[in-house]
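S.K.: Have a look at this one before I ask anything.
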Amino acid sequence: MKKSLAIAGSLDYINLSEVFQLLGTNSSTGILRVISRYNENPGIIYFLNGEPIDADCGPLTGLDAVFPLFGWIEGEFEFSLQSVKNKVVIKKNRMEIVLEAMKMLDDGIIVKQTPVYYDKNKGDGDSELPIVRGPLVDYMYVADEEDYRDGETVIHQGKHGDWSWVVLSGILEIRKETPKGQIPILRLGSGSFIGSIAAYQIKNTVRTYTVVTVGEVQLGVLDTQRLSLENAKFSRNLSMLIISLEKRLKQCANRLTDLLIKKTISDEPLKGKEPIIKQGENKEEAFIIDHGFAYITIKKDKGQAVLARLGDNDFVGKIPFLNMGHEPYSASVYASEDLKLKPLEIEELQKEYENLSTTTKNMIENNASIISALTMKLSE
Amino acid sequence: MAVFNLKKREIECKIVFYGPGRCGKTTNLEYIFRAYKKQVEGEMVSINTEGDRTLFFDFLPMELGKIKGCDVRVQLFTVPGQVHYSSTRKLVLRGVDGIVFVADSLDVRREKNMQSLKDLQQNLKDYGLNIFKIPLVLQYNKRDLANTGMPIMSLEKMEKDLNRQLKAASLPASAVTGEGIGKTLQESLKLTLQSLQKQFNWAQK
């Protein structure tokens, strides 16, 4: 069978509906393959003269296999021109499928495969918390599997512990212990991590939140030895970045807890100041704080709300591999009067990051996703 | 952003019917689909969205001739007004070449018209388009209701409400009887193609 790659790319740049329209306009015949980090199976759609005629994705076939693919908004696609011998199983035309899929996306029937999502289908009051998930789990780093029943506490805030887990299936809730009782702030779904990466450097850490299962959950205990070994090789900058990321995460979690209890967060240190990085700016640089404080803020109720106060050895600015939904696009940075910054060598750091194990990368990415989810909730 | 398909020697462009819920966008498109059946290619796609419908079909306007030797294919769309349907709206409005804004002549819909026009401006802005620059036709629909004694706005009042700053082409219509619908479409096609030709010449220089 003759096969030639006609077009390939990233779905966050050209989404599936645009690919459909492009193949339709060109009356293309061939096979479209779609892959996503969140799904084991690729999606395969067969096109004849610009119209989709059949599809499969794991156990699903026909139209049932097509619709969920519109939720894969982070992923890759490739279309190869080749003859297609499939029977015409799909009778709807491409625009009908595309428009139907857009509606299903908006109605929450198709779930968007993003690191942060809301479970609209559940419709109970609790589901207003964002759920953070991660890509497929690398079992090389899973030392053991543990099963939990509904409502079990996996870790307690205030207790010591260095163990970490990856969620293999099910949903867990992160809660903060407060004088007013437990306050749920976030949910974790499959591929998310529980525990700290920095803990491999600073042993015997104190847990800063409680984690409780929502329904049945299966967790994978992470192979600590393997991760520690990798951790020991981190450059100073990478170690600092990881610690700083967790610091930012903890502060955002505390801010959200404050907001949920007191219904307000302060902007006190910022009165009359101009930001050094303004929300929405397209600034490429990143810095390490040498001295003083930097405040990460978001626009809220016509003012600025402080999400985190960062100090010595913390980073601020754009880290290309971290998608935390903060500066420069979605948060501002304010400075204390004595703030001194050193530029951070991004290229070197990026190279080091790319060579990390998938699990370590996923853990770092998961922290960034959690920050982004907390920030979404904070800006509501 | 029209697509030039060199293989088929065809220019594909997109005209979207926009307007508040129940203003008659879908009735417009249904009328066009029936009345110009010979120029329609394929079936009409209709998706039921809450309180509104999304319609789509391909239209091949014959009388327009060719641009640079290419046939013209027009994708006609309606778009649901509700904020909820952002994915659909994004898909429909991305790369739009011409807009028909269908306004409701009913007195009670005055606010709704103005709000919807404002939404349109914002939506276009989100996709880098300017309501003052895009080929735009305003249609004052449901003029026939005057005969039934229902309170409708005068054309002058609607002009003042909606078209004072825009100064777009505007015409009365009645989607139920078909009056003014063909004219609206012709006007929109004319403006859209003029704008495309301008873009095309400009690109050739």
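Naming works like this for the structure tokens: A, B, ... for the chains as they're shown, residue 1 at the start of each chain, ligands 1 onward in shown order.
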Restrict the calculation to only C-alpha atoms, then for each residue of chain B with any atom at most 7 Å from an atom of chain A give the closest atom pair and their distance in Å to one decimal, rows by chain and rising residue number, as CSV.
M.R.:
```
residue,atom,partner,partner_atom,distance
B:Val45,CA,A:Glu96,CA,5.6
B:Ile47,CA,A:Glu100,CA,6.3
B:His84,CA,A:Asp106,CA,6.5
B:Tyr85,CA,A:Asp106,CA,5.4
B:Ser86,CA,A:Asp106,CA,6.7
B:Ser87,CA,A:Met102,CA,5.4
B:Thr88,CA,A:Met102,CA,5.1
```
S.K.: Those residues with C-alpha atoms, as a PDB file, in the first residue's frame please?
M.R.:
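Final output, again.pdb:
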```pdb
ATOM      1  CA  VAL B  45     -26.352  20.550   8.613  1.00  0.00           C
ATOM      2  CA  ILE B  47     -27.363  21.143  15.159  1.00  0.00           C
ATOM      3  CA  HIS B  84     -22.166  28.840  26.717  1.00  0.00           C
ATOM      4  CA  TYR B  85     -21.400  27.751  23.137  1.00  0.00           C
ATOM      5  CA  SER B  86     -17.960  29.269  22.898  1.00  0.00           C
ATOM      6  CA  SER B  87     -16.365  26.364  20.999  1.00  0.00           C
ATOM      7  CA  THR B  88     -19.013  26.503  18.284  1.00  0.00           C
TER       8      THR B  88
END
```
S.K.: Please run DSSP on the backbone and report, as a list in words, all residues within range 9-111 of chain A that come out as strand (DSSP E).
M.R.: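 So the strand (DSSP E) residues in range 9-111 of chain A would be Gly9, Ser10, Gly30, Ile31, Leu32, Arg33, Val34, Ile35, Gly43, Ile44, Ile45, Tyr46, Phe47, Leu48, Glu51, Pro52, Ile53, Asp54, Ala55, Asp56, Cys57, Leu60, Thr61, Glu76, Phe77, Glu78, Phe79, Ser80 and Leu81 of chain A.
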S.K.: According to DSSP computed on the backbone, where in chain B is there helix (DSSP H, G or I)? Give the residues as a PyMOL selection string.
M.R.: chain B and resi 25-35+37-39+86-93+107-126+143-148+155-162+181-204
S.K.: Taking into account only C-alpha atoms, which residue in the set B:Lys142, B:Arg53, B:Arg110, B:Lys8 is nearest to Ala173 in chain B?
M.R.: B:Lys142
S.K.: Using only C-alpha atoms, which protein or nucleic acid residues come within 9 Å of range 166-177 of chain A? Drop anything in the same chain fewer than 3 positions from it, and give the result as a PyMOL selection string.
M.R.: chain A and resi 131+133-134+136-137+142+145+151+156-158+180-195+208-222+253-254+257+363
S.K.: Between CA of Ala2 in chain B and CA of Glu51 in chain A, what distance in Å does the model show, to one decimal?
M.R.: 20.5 Å
S.K.: Counting only C-alpha atoms, which of B:Gln139, B:Thr148, B:Thr49, B:Thr192 gets nearest to Val100 in chain B?
M.R.: B:Gln139
S.K.: Nearest to Glu74 in chain A: which of A:Leu23, A:Ile14, A:Leu249, A:Ile45 is it, counting only C-alpha atoms?
M.R.: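 For Glu74 in chain A, the nearest of the given residues is A:Ile14.
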S.K.: For Val102 in chain B, please output as a VMD selection string all residues within 12 Å (counting only C-alpha atoms; exclusion window: fewer than 2 positions along the same chain).
M.R.: chain B and resid 16 to 29 78 to 79 81 99 to 100 104 to 105 109 112 to 114 116 to 117 120 136 to 143 158 162 170 to 175 180 to 181 184 to 185
S.K.: Identify, on the basis of only C-alpha atoms, every residue whose closest approach to Asp71 in chain B does not exceed 9 Å; exclude the query and any residue fewer than 4 positions from it along the same chain; express the result as a VMD selection string.
M.R.: chain B and resid 8 to 12 60 to 62 64 to 67
S.K.: With only C-alpha atoms as the basis for distance, which of A:Val306, A:Val206, A:Ile261, A:Leu339 is at the shortest distance from Arg248 in chain A?
M.R.: A:Val306
